[in-house]
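Asker: Below is the file target08.csv, which contains CSV, C-alpha atoms.
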```
chain,number,residue,atom,x,y,z
G,130,MET,CA,0.0,0.0,0.0
G,131,ASN,CA,1.5,3.3,-1.1
G,132,ALA,CA,1.7,6.5,1.0
G,133,LEU,CA,-1.2,8.1,-0.8
G,134,GLN,CA,-3.5,5.2,0.1
G,135,VAL,CA,-2.3,5.2,3.7
G,136,LEU,CA,-2.9,8.9,4.2
G,137,TRP,CA,-6.3,8.6,2.5
G,138,ARG,CA,-7.3,5.7,4.8
G,139,ARG,CA,-6.1,7.5,7.9
G,140,GLN,CA,-8.3,10.5,7.1
G,141,VAL,CA,-11.4,8.3,6.5
G,142,ILE,CA,-10.8,6.0,9.5
G,143,LYS,CA,-10.4,8.9,11.9
G,144,TYR,CA,-13.6,10.4,10.7
G,145,LEU,CA,-15.6,7.1,10.9
G,146,ARG,CA,-14.4,6.5,14.4
G,147,SER,CA,-15.4,9.9,15.6
G,148,ARG,CA,-19.2,9.7,16.1
G,149,SER,CA,-19.2,13.0,17.9
G,150,ARG,CA,-17.6,14.7,14.9
G,151,ILE,CA,-20.2,13.2,12.5
G,152,ILE,CA,-23.1,14.2,14.7
G,153,GLY,CA,-21.7,17.6,15.6
G,154,SER,CA,-21.1,18.5,11.9
G,155,LEU,CA,-24.8,18.0,11.2
G,156,GLY,CA,-25.8,20.8,13.6
G,157,GLN,CA,-25.2,23.7,11.3
G,158,PRO,CA,-26.8,22.2,8.2
G,159,LEU,CA,-29.9,21.2,10.2
G,160,LEU,CA,-30.2,24.7,11.6
G,161,PHE,CA,-30.0,26.2,8.2
G,162,LEU,CA,-32.5,23.7,6.7
G,163,LEU,CA,-35.0,24.3,9.5
G,164,VAL,CA,-34.6,28.0,10.0
G,165,PHE,CA,-34.3,29.1,6.4
G,166,GLY,CA,-36.4,26.3,4.9
G,167,LEU,CA,-39.3,26.7,7.2
G,168,GLY,CA,-38.8,30.4,7.9
G,169,PHE,CA,-38.5,31.6,4.3
G,170,GLY,CA,-40.2,28.7,2.4
G,171,LYS,CA,-43.7,30.2,2.5
G,172,ILE,CA,-42.4,33.7,1.6
G,173,PHE,CA,-40.4,32.3,-1.3
G,174,GLU,CA,-43.4,30.4,-2.6
G,175,ALA,CA,-45.8,33.4,-2.1
G,176,ALA,CA,-43.4,35.5,-4.2
G,177,GLY,CA,-43.8,33.0,-7.1
G,178,GLN,CA,-40.3,31.6,-6.9
G,179,GLY,CA,-41.4,28.0,-6.4
G,180,SER,CA,-40.1,25.6,-3.8
G,181,TYR,CA,-37.4,27.1,-1.5
G,182,ILE,CA,-36.3,23.6,-0.4
G,183,LYS,CA,-35.5,22.8,-4.0
G,184,LEU,CA,-33.2,25.8,-4.1
G,185,LEU,CA,-31.9,25.5,-0.5
G,186,ALA,CA,-31.1,21.8,-0.2
G,187,PRO,CA,-28.1,21.7,-2.7
G,188,GLY,CA,-26.7,24.8,-1.0
G,189,ILE,CA,-26.9,23.2,2.4
G,190,MET,CA,-25.2,20.0,1.1
G,191,ILE,CA,-22.4,22.1,-0.3
G,192,MET,CA,-22.1,24.0,3.0
G,193,SER,CA,-21.6,20.7,4.8
G,194,VAL,CA,-19.0,19.5,2.3
G,195,VAL,CA,-17.1,22.8,2.3
G,196,PHE,CA,-16.9,23.2,6.1
G,197,THR,CA,-16.0,19.5,6.6
G,198,ALA,CA,-13.3,19.6,3.9
G,199,ILE,CA,-11.7,22.9,5.1
G,200,PHE,CA,-11.0,21.4,8.5
G,201,THR,CA,-8.4,19.0,6.8
G,202,GLY,CA,-6.1,22.0,7.4
G,203,ILE,CA,-6.6,21.8,11.2
G,204,GLU,CA,-5.3,18.2,11.1
G,205,ILE,CA,-2.0,19.5,9.6
G,206,ILE,CA,-1.6,21.9,12.5
G,207,TRP,CA,-2.5,19.1,15.0
G,208,ASP,CA,0.0,16.7,13.4
G,209,ARG,CA,2.7,19.4,13.6
G,210,GLN,CA,2.1,20.0,17.3
G,211,PHE,CA,2.2,16.3,18.2
G,212,GLY,CA,5.2,15.4,16.0
G,213,PHE,CA,3.3,13.2,13.5
G,214,LEU,CA,3.9,15.6,10.7
G,215,LYS,CA,7.7,15.5,11.2
G,216,GLU,CA,7.6,11.7,11.0
G,217,THR,CA,5.5,11.9,7.8
G,218,LEU,CA,7.8,14.4,6.2
G,219,VAL,CA,11.0,12.4,6.7
G,220,ALA,CA,9.4,9.3,5.1
G,221,PRO,CA,10.8,8.4,1.6
G,222,VAL,CA,7.8,9.8,-0.3
G,223,SER,CA,7.2,13.1,-2.1
G,224,ARG,CA,5.5,15.9,-0.2
G,225,PHE,CA,3.0,16.1,-3.1
G,226,SER,CA,2.0,12.5,-2.4
G,227,ILE,CA,1.5,13.4,1.3
G,228,MET,CA,-0.5,16.5,0.5
G,229,PHE,CA,-2.6,14.8,-2.2
G,230,GLY,CA,-3.4,11.8,0.0
G,231,LYS,CA,-4.7,14.2,2.7
G,232,THR,CA,-6.6,16.1,0.1
G,233,LEU,CA,-8.3,13.0,-1.2
G,234,GLY,CA,-9.0,11.8,2.3
G,235,GLY,CA,-10.5,15.2,3.2
G,236,ALA,CA,-12.7,15.2,0.1
G,237,THR,CA,-13.9,11.6,0.8
G,238,VAL,CA,-14.8,12.5,4.4
G,239,SER,CA,-16.7,15.7,3.2
G,240,VAL,CA,-18.6,13.7,0.6
G,241,ILE,CA,-19.8,11.2,3.3
G,242,GLN,CA,-21.0,14.2,5.3
G,243,GLY,CA,-22.7,15.7,2.3
G,244,VAL,CA,-24.5,12.4,1.5
G,245,ILE,CA,-25.8,12.3,5.1
G,246,VAL,CA,-27.1,15.8,4.7
G,247,PHE,CA,-28.6,14.8,1.3
G,248,ILE,CA,-30.6,12.0,3.1
G,249,ILE,CA,-31.8,14.6,5.7
G,250,THR,CA,-33.0,16.9,2.9
G,251,LEU,CA,-35.2,14.1,1.5
G,252,LEU,CA,-36.9,13.9,4.9
G,253,VAL,CA,-37.8,17.6,4.8
G,254,GLY,CA,-39.3,17.5,1.4
G,255,PHE,CA,-36.5,17.7,-1.2
G,256,HIS,CA,-37.3,15.8,-4.4
G,257,PRO,CA,-34.2,15.4,-6.5
G,258,ILE,CA,-33.7,14.2,-10.1
G,259,TRP,CA,-32.5,10.8,-9.2
G,260,ALA,CA,-30.5,10.4,-12.5
G,261,GLY,CA,-28.4,13.3,-11.3
G,262,VAL,CA,-27.5,11.9,-7.9
G,263,VAL,CA,-24.3,10.1,-8.9
G,264,PRO,CA,-22.9,12.9,-11.0
G,265,ALA,CA,-23.8,15.3,-8.1
G,266,ILE,CA,-21.8,13.1,-5.7
G,267,ILE,CA,-18.8,13.4,-8.1
G,268,GLY,CA,-19.3,17.1,-8.1
G,269,LEU,CA,-19.4,17.2,-4.3
G,270,PHE,CA,-16.1,15.2,-4.3
G,271,ILE,CA,-14.4,17.8,-6.6
G,272,ILE,CA,-15.7,20.6,-4.3
G,273,GLY,CA,-14.4,18.7,-1.3
G,274,ALA,CA,-11.0,18.3,-2.9
G,275,LEU,CA,-10.9,22.1,-3.7
G,276,PHE,CA,-11.5,23.1,-0.1
G,277,SER,CA,-9.4,20.3,1.4
G,278,ALA,CA,-6.5,21.6,-0.6
G,279,PHE,CA,-7.4,25.1,0.3
G,280,GLY,CA,-7.4,24.2,4.0
G,281,ILE,CA,-4.0,22.5,3.7
G,282,ALA,CA,-2.6,25.6,1.9
G,283,LEU,CA,-3.8,27.8,4.8
G,284,ALA,CA,-2.6,25.4,7.5
G,285,SER,CA,0.9,25.4,5.8
G,286,LYS,CA,1.2,29.1,6.6
G,287,LEU,CA,-0.1,28.9,10.2
G,288,LYS,CA,1.4,27.4,13.3
G,289,ASP,CA,-1.2,27.6,16.0
G,290,MET,CA,-4.6,26.0,16.0
G,291,GLN,CA,-6.5,29.1,17.3
G,292,SER,CA,-5.7,31.2,14.3
G,293,PHE,CA,-6.9,28.7,11.7
G,294,PRO,CA,-10.7,29.0,12.4
G,295,ILE,CA,-10.4,32.8,12.4
G,296,VAL,CA,-8.7,32.9,9.0
G,297,MET,CA,-11.0,30.2,7.7
G,298,ASN,CA,-14.2,32.1,8.7
G,299,PHE,CA,-12.7,35.3,7.3
G,300,VAL,CA,-12.3,33.6,3.9
G,301,VAL,CA,-14.7,30.7,3.7
G,302,MET,CA,-17.8,32.3,5.1
G,303,PRO,CA,-17.9,35.1,2.5
G,304,LEU,CA,-17.3,32.5,-0.2
G,305,PHE,CA,-20.2,30.5,1.0
G,306,PHE,CA,-22.7,33.4,1.4
G,307,LEU,CA,-21.7,34.8,-1.9
G,308,SER,CA,-22.2,31.6,-3.8
G,309,GLY,CA,-25.9,31.8,-4.2
G,310,SER,CA,-26.4,28.8,-1.9
G,311,LEU,CA,-29.2,30.6,0.1
G,312,PHE,CA,-30.8,32.8,-2.6
G,313,PRO,CA,-31.4,32.8,-6.4
G,314,LEU,CA,-28.9,34.7,-8.4
G,315,ASN,CA,-31.4,36.0,-10.9
G,316,THR,CA,-33.0,38.2,-8.2
G,317,ALA,CA,-29.8,39.4,-6.6
G,318,PRO,CA,-28.7,43.1,-6.8
G,319,THR,CA,-26.1,43.9,-9.5
G,320,VAL,CA,-23.2,44.4,-7.2
G,321,LEU,CA,-24.0,41.1,-5.3
G,322,LYS,CA,-24.4,39.3,-8.6
G,323,ILE,CA,-21.0,40.4,-9.8
G,324,LEU,CA,-19.4,39.2,-6.6
G,325,THR,CA,-21.1,35.8,-6.9
G,326,GLU,CA,-20.0,35.4,-10.5
G,327,ILE,CA,-16.3,35.8,-9.7
G,328,ASN,CA,-16.6,33.2,-6.8
G,329,PRO,CA,-15.7,29.7,-8.0
G,330,LEU,CA,-18.0,28.1,-5.4
G,331,THR,CA,-20.9,29.7,-7.2
G,332,TYR,CA,-20.3,27.4,-10.1
G,333,GLY,CA,-20.1,24.4,-7.8
G,334,VAL,CA,-23.5,25.4,-6.2
G,335,ASP,CA,-25.0,25.8,-9.7
G,336,LEU,CA,-23.6,22.5,-10.8
G,337,ILE,CA,-25.1,20.5,-7.9
G,338,ARG,CA,-28.4,22.5,-8.1
G,339,GLY,CA,-28.7,21.8,-11.8
G,340,LEU,CA,-27.9,18.1,-11.5
G,341,LEU,CA,-30.4,17.6,-8.7
G,342,GLY,CA,-33.0,20.1,-9.7
G,343,GLY,CA,-32.7,20.5,-13.4
G,344,VAL,CA,-32.3,24.3,-13.5
G,345,TYR,CA,-28.9,26.0,-14.2
G,346,GLN,CA,-28.1,29.7,-13.7
G,347,PHE,CA,-25.1,29.2,-16.1
G,348,SER,CA,-24.6,25.8,-17.8
G,349,LEU,CA,-23.3,22.3,-17.0
G,350,GLY,CA,-20.3,22.9,-19.2
G,351,LEU,CA,-19.3,26.2,-17.7
G,352,ASP,CA,-19.9,25.0,-14.2
G,353,SER,CA,-17.7,21.9,-14.7
G,354,ILE,CA,-14.8,23.8,-16.4
G,355,VAL,CA,-14.7,26.6,-13.7
G,356,LEU,CA,-14.9,24.1,-10.9
G,357,LEU,CA,-12.2,21.8,-12.3
G,358,VAL,CA,-9.8,24.6,-13.2
G,359,ALA,CA,-10.2,26.2,-9.7
G,360,THR,CA,-9.6,22.8,-8.0
G,361,ALA,CA,-6.5,22.1,-10.1
G,362,LEU,CA,-5.1,25.6,-9.3
G,363,VAL,CA,-5.8,25.3,-5.6
G,364,ILE,CA,-4.3,21.8,-5.4
G,365,LEU,CA,-1.1,23.2,-7.0
G,366,TRP,CA,-1.1,26.1,-4.5
G,367,GLY,CA,-1.6,23.6,-1.7
G,368,ALA,CA,1.2,21.4,-3.0
G,369,TYR,CA,3.5,24.4,-3.2
G,370,SER,CA,2.6,25.6,0.3
G,371,PHE,CA,3.0,22.1,1.8
G,372,LYS,CA,6.4,21.7,0.1
G,373,LYS,CA,7.6,24.8,2.0
G,374,ILE,CA,6.1,23.7,5.3
G,375,GLU,CA,8.5,23.1,8.3
G,376,ALA,CA,7.6,20.6,11.0
```
Can I see the file as structure tokens?
Answerer:
Amino acid sequence: MNALQVLWRRQVIKYLRSRSRIIGSLGQPLLFLLVFGLGFGKIFEAAGQGSYIKLLAPGIMIMSVVFTAIFTGIEIIWDRQFGFLKETLVAPVSRFSIMFGKTLGGATVSVIQGVIVFIITLLVGFHPIWAGVVPAIIGLFIIGALFSAFGIALASKLKDMQSFPIVMNFVVMPLFFLSGSLFPLNTAPTVLKILTEINPLTYGVDLIRGLLGGVYQFSLGLDSIVLLVATALVILWGAYSFKKIEA
């Protein structure tokens, strides 16, 4: 078994063994589904916009994937503080393999979390296009890889665990709220619409929403290209940052 597989398995096994982490990670998505879904659902329908759950559910799934994936970075800081990172870095494998293994592990964990949230959305009335479920899971995996690599890149620059959540919230929260996850882009003000269109996560949201709901703000091709290019660039950035890391 090579280093990439070992690191991938370590990420997944740690996640599956931590029931508190699995359950705790569902708190925020459940809160958003209940508060926004029930609170704004009737208003959204009264305004002639259709089902709000249909719009909201893919966004909440992506929120779960993004925030689970980004915390891959905290594990880098944790491993550095407890000496495991030093042992990993002196192993006879490339740092890219180490970083990529962690990225794939973080993406896999985030997809598992996203699928759990998907099941919950079915219970609150979301009716997806079932033919799009498997492609949507692949899309969630790519989004998970994007933000796992982003978390690793951030963690490579930081040395204390307390600063990571602060930086993460400063960067990731605006990306999420400006992705159209909670509101339709066609009714957004011009300035807000411009900000969402330069946000790569917007295209991930549109991709999953289109695959599961059949309605795209952009197109399947554009969403896929932007998401793949953004993921490739962030993985390269993460690999470069991890290459410079000091245990």
Asker: Compute the distance from (-19.1, 34.4, 1.3) to each atom, counting only C-alpha atoms, keep the residues with any atom at most 12 Å away, and return them as number ranges by chain; use the coordinates of the file.
Answerer: G: 192, 195, 297-311, 321, 324-331
Asker: How would the residues just picked look written out with C-alpha atoms as a short mmCIF file (atom, residue, chain, number, x, y, z; two decimals), in the coordinates of the input?
Answerer:
```
data_model
loop_
_atom_site.label_atom_id
_atom_site.label_comp_id
_atom_site.auth_asym_id
_atom_site.auth_seq_id
_atom_site.Cartn_x
_atom_site.Cartn_y
_atom_site.Cartn_z
CA MET G 192 -22.10 24.00 3.00
CA VAL G 195 -17.10 22.80 2.30
CA MET G 297 -11.00 30.20 7.70
CA ASN G 298 -14.20 32.10 8.70
CA PHE G 299 -12.70 35.30 7.30
CA VAL G 300 -12.30 33.60 3.90
CA VAL G 301 -14.70 30.70 3.70
CA MET G 302 -17.80 32.30 5.10
CA PRO G 303 -17.90 35.10 2.50
CA LEU G 304 -17.30 32.50 -0.20
CA PHE G 305 -20.20 30.50 1.00
CA PHE G 306 -22.70 33.40 1.40
CA LEU G 307 -21.70 34.80 -1.90
CA SER G 308 -22.20 31.60 -3.80
CA GLY G 309 -25.90 31.80 -4.20
CA SER G 310 -26.40 28.80 -1.90
CA LEU G 311 -29.20 30.60 0.10
CA LEU G 321 -24.00 41.10 -5.30
CA LEU G 324 -19.40 39.20 -6.60
CA THR G 325 -21.10 35.80 -6.90
CA GLU G 326 -20.00 35.40 -10.50
CA ILE G 327 -16.30 35.80 -9.70
CA ASN G 328 -16.60 33.20 -6.80
CA PRO G 329 -15.70 29.70 -8.00
CA LEU G 330 -18.00 28.10 -5.40
CA THR G 331 -20.90 29.70 -7.20
#
```
Asker: Just checking: using only C-alpha atoms, which residue out of G:Ile151, G:Val238, G:Leu356, G:Ile248 ends up closest to Arg138 of chain G?
Answerer: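 Ranking G:Ile151, G:Val238, G:Leu356, G:Ile248 by distance to Arg138 of chain G, first place goes to G:Val238.
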Asker: Residues at most 9 Å from segment 275-286 of chain G, counting all atoms listed in the file, excluding those fewer than 5 positions away in the same chain, as an NGL selection string?
Answerer: :G and (194-206 or 228-229 or 231-236 or 239 or 270 or 293 or 296-297 or 356-357 or 359-375)
Asker: What does the distance between atom CA of Asn315 of chain G and atom CA of Ile272 of chain G come to in Å, to one decimal place?
Answerer: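 These atoms are spaced 23.0 Å apart.
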Asker: So which residues touch Ala220 of chain G within 10 Å, counting all atoms listed in the file, skipping near sequence neighbours fewer than 5 positions away, as an MDAnalysis selection string?
Answerer: chainID G and resid 132 215 227
Asker: Hey, can you check how far atom CA of Ser223 of chain G sits from atom CA of Leu136 of chain G?
Answerer: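 So the answer is 12.6 Å.
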Asker: From the list G:Leu314, G:Ala274, G:Leu155, G:Val262, which residue is nearest Gln242 of chain G when using all atoms listed in the file?
Answerer: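 With all atoms listed in the file as the atom set, the closest residue is G:Leu155.
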Asker: Report, in Å to a single decimal, how far apart atom CA of Leu340 of chain G and atom CA of Ser193 of chain G are.
Answerer: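 Atom CA of Ser193 of chain G sits 17.7 Å away from atom CA of Leu340 of chain G.
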Asker: Which of these residues is nearest to Leu269 of chain G, using all atoms listed in the file: G:Lys322, G:Arg338, G:His256, G:Lys143?
Answerer: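 Closest to Leu269 of chain G, using all atoms listed in the file: G:Arg338.
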Asker: Kindly compute an axis-aligned box around the listed atoms of segment 251-258 of chain G, allowing 6 Å on each side, and express its centre and edge lengths in Å to one decimal as lines of an AutoDock Vina configuration file.
Answerer:
```
center_x = -36.5
center_y = 15.8
center_z = -2.6
size_x = 17.6
size_y = 15.8
size_z = 27.0
```
Asker: Which residue is closest to Val164 of chain G? Choose from G:Ala260, G:Val246, G:Val334, G:Leu185 and count all atoms listed in the file.
Answerer: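 Result for the nearest residue to Val164 of chain G: G:Leu185.
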Asker: Show me, as a ChimeraX atom specification, the residues that have an atom within 7 Å of Lys183 of chain G when counting all atoms listed in the file, minus same-chain residues fewer than 2 positions from it.
Answerer: /G:180-181,185-186,255,342
Asker: From the list G:Thr319, G:Leu214, G:Trp207, G:Phe312, which residue is nearest Phe165 of chain G when using only C-alpha atoms?
Answerer: G:Phe312
